[in-house]
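Engineer: Just passing along the structure, written as C-alpha cells.
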Amino acid sequence: MHIAILTFDGYNELDSLIALGILNRVRAPGWRVSIAGPTPRLRSMNGVTIDAMIDLDEACTADAVIVGSGKQTREVVEDPAIMATLGQLDPARQLLAAQCSGALVLAKLGLLADVPACTDVTTKPWVVAAGVEVLNQPFFARGNLATAGGCLASTYLATWTIARLHSLEAAKEAMDYVAPVGEKDEYVARALLNVTPYLELPAVSREIQHAG
C-alpha cells in the first residue's frame, strides 16, 4: 500500500508531518508513505525545508492520497499545471483525504460536489464559496473521501487511512504509540470516537485492499 501526502510550499508542518509519522508506524510488507510535491524541495510556513520523495504524477497513482494544508493553498488551486495533474485523482480507485485547506483543493477539483467537508476556520469561507457545505466538526468521511479540520485533526486522517487500508487494530496501535504517556487510552478513544462512524467498507475499498 502506498500513501502519498501532497505537500506544497508554505505547508503546515503539523498537517503533513504528523500524518507522516503516524502512518509510518504501520509495519507491513509493501506499506509505504511518501511526501509528494510539485518541486523537489518544499519550504514550510515556518521555514522548514524538506525534500519531496515523489512527484505529483506518482502521487496520483497511490492507494491513498492526503492533501496537506498550508499558507499558499489558494495559489495552488490557481496553478493550472498543478490542478491538471491532480485531476488524475479518483475516489473510485483510491482513498482521498484532505487536511484543513487541502479541502479547497478537493473542492476545486469537483470532488466534494455532494460531500460536506471539514476544514479550518480560515479556509472555511473559501470552501463555502466553492460550493461545499462545511461542518463544525473535526472529521468527516463518506465512502473514499475524508476531510479534517484543525491541525491536530491530522491524527484522525491517519487513523482513518490506516483503518481503511490495513485494519482498525493497526490504527489503534499506531495512535497508542504516539499518544502521550499516561493519556494513551484517552487519545486512542477520542480518535476512534471521531473515525469509527465512517469506517464502512464499500466495495471500492475492498478492491483497493485486494489490489494491494
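Starting from 1 in every chain, residues are counted up; chains themselves are A, B, ... following the order of the C-alpha cells, and ligands are numbered from 1 as listed.
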Show me a table, sorted first by chain and then by increasing residue number, of the residues of segment 41-63 of chain A having an atom at most 10 Å from segment 19-36 of chain A, each with its shortest atom pair and the distance in Å to one decimal, counting only C-alpha atoms and written as a tab-separated table.

Structural biologist:
```
residue	atom	partner	partner_atom	distance
A:Arg41	CA	A:Ala36	CA	10.0
A:Leu42	CA	A:Ala36	CA	9.6
A:Ile50	CA	A:Ile35	CA	9.1
A:Asp51	CA	A:Ile35	CA	8.0
A:Ala52	CA	A:Ala36	CA	5.3
A:Met53	CA	A:Ile35	CA	5.3
A:Ile54	CA	A:Ala36	CA	4.9
A:Asp55	CA	A:Ala36	CA	5.3
A:Leu56	CA	A:Ala36	CA	5.9
A:Asp57	CA	A:Ala36	CA	9.0
A:Glu58	CA	A:Ala36	CA	8.2
A:Ala59	CA	A:Ala36	CA	6.2
A:Cys60	CA	A:Ala36	CA	9.5
A:Ala62	CA	A:Ser34	CA	9.4
```

Engineer: Suppose we keep N, CA and C atoms; can you now write the selection as a PDB file, in the first residue's frame?

Structural biologist:
```
ATOM      1  N   ARG A  41      12.132  20.412  -3.685  1.00  0.00           N
ATOM      2  CA  ARG A  41      12.328  20.916  -2.323  1.00  0.00           C
ATOM      3  C   ARG A  41      11.156  21.815  -1.948  1.00  0.00           C
ATOM      4  N   LEU A  42      10.690  21.668  -0.695  1.00  0.00           N
ATOM      5  CA  LEU A  42       9.497  22.366  -0.228  1.00  0.00           C
ATOM      6  C   LEU A  42       9.811  23.114   1.066  1.00  0.00           C
ATOM      7  N   ILE A  50      12.115  20.644   3.365  1.00  0.00           N
ATOM      8  CA  ILE A  50      12.207  19.198   3.218  1.00  0.00           C
ATOM      9  C   ILE A  50      12.261  18.855   1.735  1.00  0.00           C
ATOM     10  N   ASP A  51      12.732  17.654   1.445  1.00  0.00           N
ATOM     11  CA  ASP A  51      12.766  17.177   0.076  1.00  0.00           C
ATOM     12  C   ASP A  51      11.522  16.332  -0.198  1.00  0.00           C
ATOM     13  N   ALA A  52      10.917  16.550  -1.350  1.00  0.00           N
ATOM     14  CA  ALA A  52       9.832  15.678  -1.777  1.00  0.00           C
ATOM     15  C   ALA A  52      10.406  14.303  -2.107  1.00  0.00           C
ATOM     16  N   MET A  53       9.658  13.265  -1.764  1.00  0.00           N
ATOM     17  CA  MET A  53      10.092  11.902  -2.032  1.00  0.00           C
ATOM     18  C   MET A  53       9.614  11.416  -3.398  1.00  0.00           C
ATOM     19  N   ILE A  54       8.486  11.946  -3.848  1.00  0.00           N
ATOM     20  CA  ILE A  54       7.933  11.618  -5.158  1.00  0.00           C
ATOM     21  C   ILE A  54       7.308  12.875  -5.740  1.00  0.00           C
ATOM     22  N   ASP A  55       7.032  12.858  -7.051  1.00  0.00           N
ATOM     23  CA  ASP A  55       6.364  13.997  -7.669  1.00  0.00           C
ATOM     24  C   ASP A  55       4.849  13.788  -7.661  1.00  0.00           C
ATOM     25  N   LEU A  56       4.119  14.764  -8.146  1.00  0.00           N
ATOM     26  CA  LEU A  56       2.657  14.709  -8.090  1.00  0.00           C
ATOM     27  C   LEU A  56       2.083  13.640  -9.006  1.00  0.00           C
ATOM     28  N   ASP A  57       2.719  13.405 -10.132  1.00  0.00           N
ATOM     29  CA  ASP A  57       2.220  12.357 -11.032  1.00  0.00           C
ATOM     30  C   ASP A  57       2.241  10.995 -10.352  1.00  0.00           C
ATOM     31  N   GLU A  58       3.342  10.675  -9.691  1.00  0.00           N
ATOM     32  CA  GLU A  58       3.414   9.396  -8.991  1.00  0.00           C
ATOM     33  C   GLU A  58       2.431   9.361  -7.829  1.00  0.00           C
ATOM     34  N   ALA A  59       2.279  10.492  -7.153  1.00  0.00           N
ATOM     35  CA  ALA A  59       1.342  10.561  -6.029  1.00  0.00           C
ATOM     36  C   ALA A  59      -0.073  10.204  -6.467  1.00  0.00           C
ATOM     37  N   CYS A  60      -0.439  10.614  -7.661  1.00  0.00           N
ATOM     38  CA  CYS A  60      -1.796  10.369  -8.141  1.00  0.00           C
ATOM     39  C   CYS A  60      -2.085   8.898  -8.397  1.00  0.00           C
ATOM     40  N   ALA A  62      -1.147   6.580  -6.142  1.00  0.00           N
ATOM     41  CA  ALA A  62      -1.102   5.933  -4.834  1.00  0.00           C
ATOM     42  C   ALA A  62      -2.463   5.363  -4.437  1.00  0.00           C
TER      43      ALA A  62
END
```

Engineer: Write out as a ChimeraX atom specification each polymer residue whose atoms come within 9 Å of segment 155-169 of chain A, counting only C-alpha atoms; drop sequence neighbours fewer than 2 positions from it.

Structural biologist: /A:1,3,15,18-20,22-23,26,28,63-64,66,95,97-99,138-139,141,146-148,151-153,171-175,191-192,194-196,198-201,205-206,208-209,212

Engineer: What lies within 9 Å of Cys100 of chain A using only C-alpha atoms, ignoring chain neighbours under 6 positions off, as a PyMOL selection string?

Structural biologist: chain A and resi 15+67-70+118-124+147-151+153-154

Engineer: Using only C-alpha atoms, pick whichever of A:Ser16, A:Phe140, A:Phe8, A:Ala179 has the shortest atom-to-atom distance to Leu193 of chain A.

Structural biologist: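 Ranking A:Ser16, A:Phe140, A:Phe8, A:Ala179 by distance to Leu193 of chain A, first place goes to A:Phe140.
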
Engineer: Tell me, as a CSV table (one decimal) with all heavy atoms, in the first residue's frame, which residues lie within 6 Å of Ser44 of chain A, counting only C-alpha atoms; anything in the same chain fewer than 6 positions away does not count.

Structural biologist:
```
chain,number,residue,atom,x,y,z
A,9,ASP,N,4.7,24.4,-1.2
A,9,ASP,CA,5.4,25.5,-0.5
A,9,ASP,C,4.4,26.2,0.4
A,9,ASP,O,3.3,26.4,0.1
A,9,ASP,CB,6.0,26.4,-1.5
A,9,ASP,CG,7.4,26.0,-2.0
A,9,ASP,OD1,8.1,25.3,-1.3
A,9,ASP,OD2,7.7,26.4,-3.1
A,10,GLY,N,4.9,26.6,1.6
A,10,GLY,CA,4.1,27.2,2.6
A,10,GLY,C,3.3,26.2,3.4
A,10,GLY,O,2.4,26.5,4.2
A,11,TYR,N,3.7,24.9,3.3
A,11,TYR,CA,3.0,23.8,4.0
A,11,TYR,C,3.0,24.0,5.5
A,11,TYR,O,3.9,24.6,6.1
A,11,TYR,CB,3.5,22.4,3.6
A,11,TYR,CG,4.9,22.1,4.2
A,11,TYR,CD1,5.0,21.4,5.4
A,11,TYR,CD2,6.1,22.4,3.5
A,11,TYR,CE1,6.3,21.1,6.0
A,11,TYR,CE2,7.3,22.0,4.0
A,11,TYR,CZ,7.4,21.4,5.2
A,11,TYR,OH,8.6,21.1,5.8
```

Engineer: Determine which residues of segment 1-201 of chain A receive a DSSP assignment of alpha helix (DSSP H), computed from the backbone, and state them as an MDAnalysis selection string.

Structural biologist: chainID A and resid 13:23 56:59 73:77 80:86 102:108 124:129 154:165 168:178 184:195

Engineer: Which residue, A:Asp90, A:Asp176, A:Met83, A:Ala103, has the smallest gap to Val132 of chain A when you use only C-alpha atoms?

Structural biologist: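 Residue with the minimum atom-to-atom distance to Val132 of chain A: A:Ala103.
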
Engineer: With distances taken over only C-alpha atoms, which of A:Arg74, A:Lys184, A:Arg142, A:His2 is nearest to Ala130 of chain A?

Structural biologist: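 Nearest candidate to Ala130 of chain A out of A:Arg74, A:Lys184, A:Arg142, A:His2: A:Arg74.
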
Engineer: Taking the backbone alone, and naming residues the way the document does, which bits of chain A are strand (DSSP E or B) by DSSP, as an MDAnalysis selection string?

Structural biologist: chainID A and resid 2:6 11 32:37 41:44 49:51 54:55 64:67 70 95:99 117 134 139:142 145:148

Engineer: Of the candidates A:Thr73, A:Asn12, A:Asn144, A:Gln137, which shows the shortest atom-to-atom distance to Arg43 of chain A, using only C-alpha atoms?

Structural biologist: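 Residue with the minimum atom-to-atom distance to Arg43 of chain A: A:Asn12.
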
Engineer: Counting only C-alpha atoms, which residue out of A:Pro91, A:Pro80, A:Gly47, A:Pro40 sits closest to Gly143 of chain A?

Structural biologist: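 Counting only C-alpha atoms, the residue closest to Gly143 of chain A is A:Pro91.
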
Engineer: Given only C-alpha atoms as the basis, pick out the residue of A:Val127, A:Ile82, A:Ala107, A:Met45 nearest to Leu6 of chain A.

Structural biologist: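 Closest candidate: A:Ile82.
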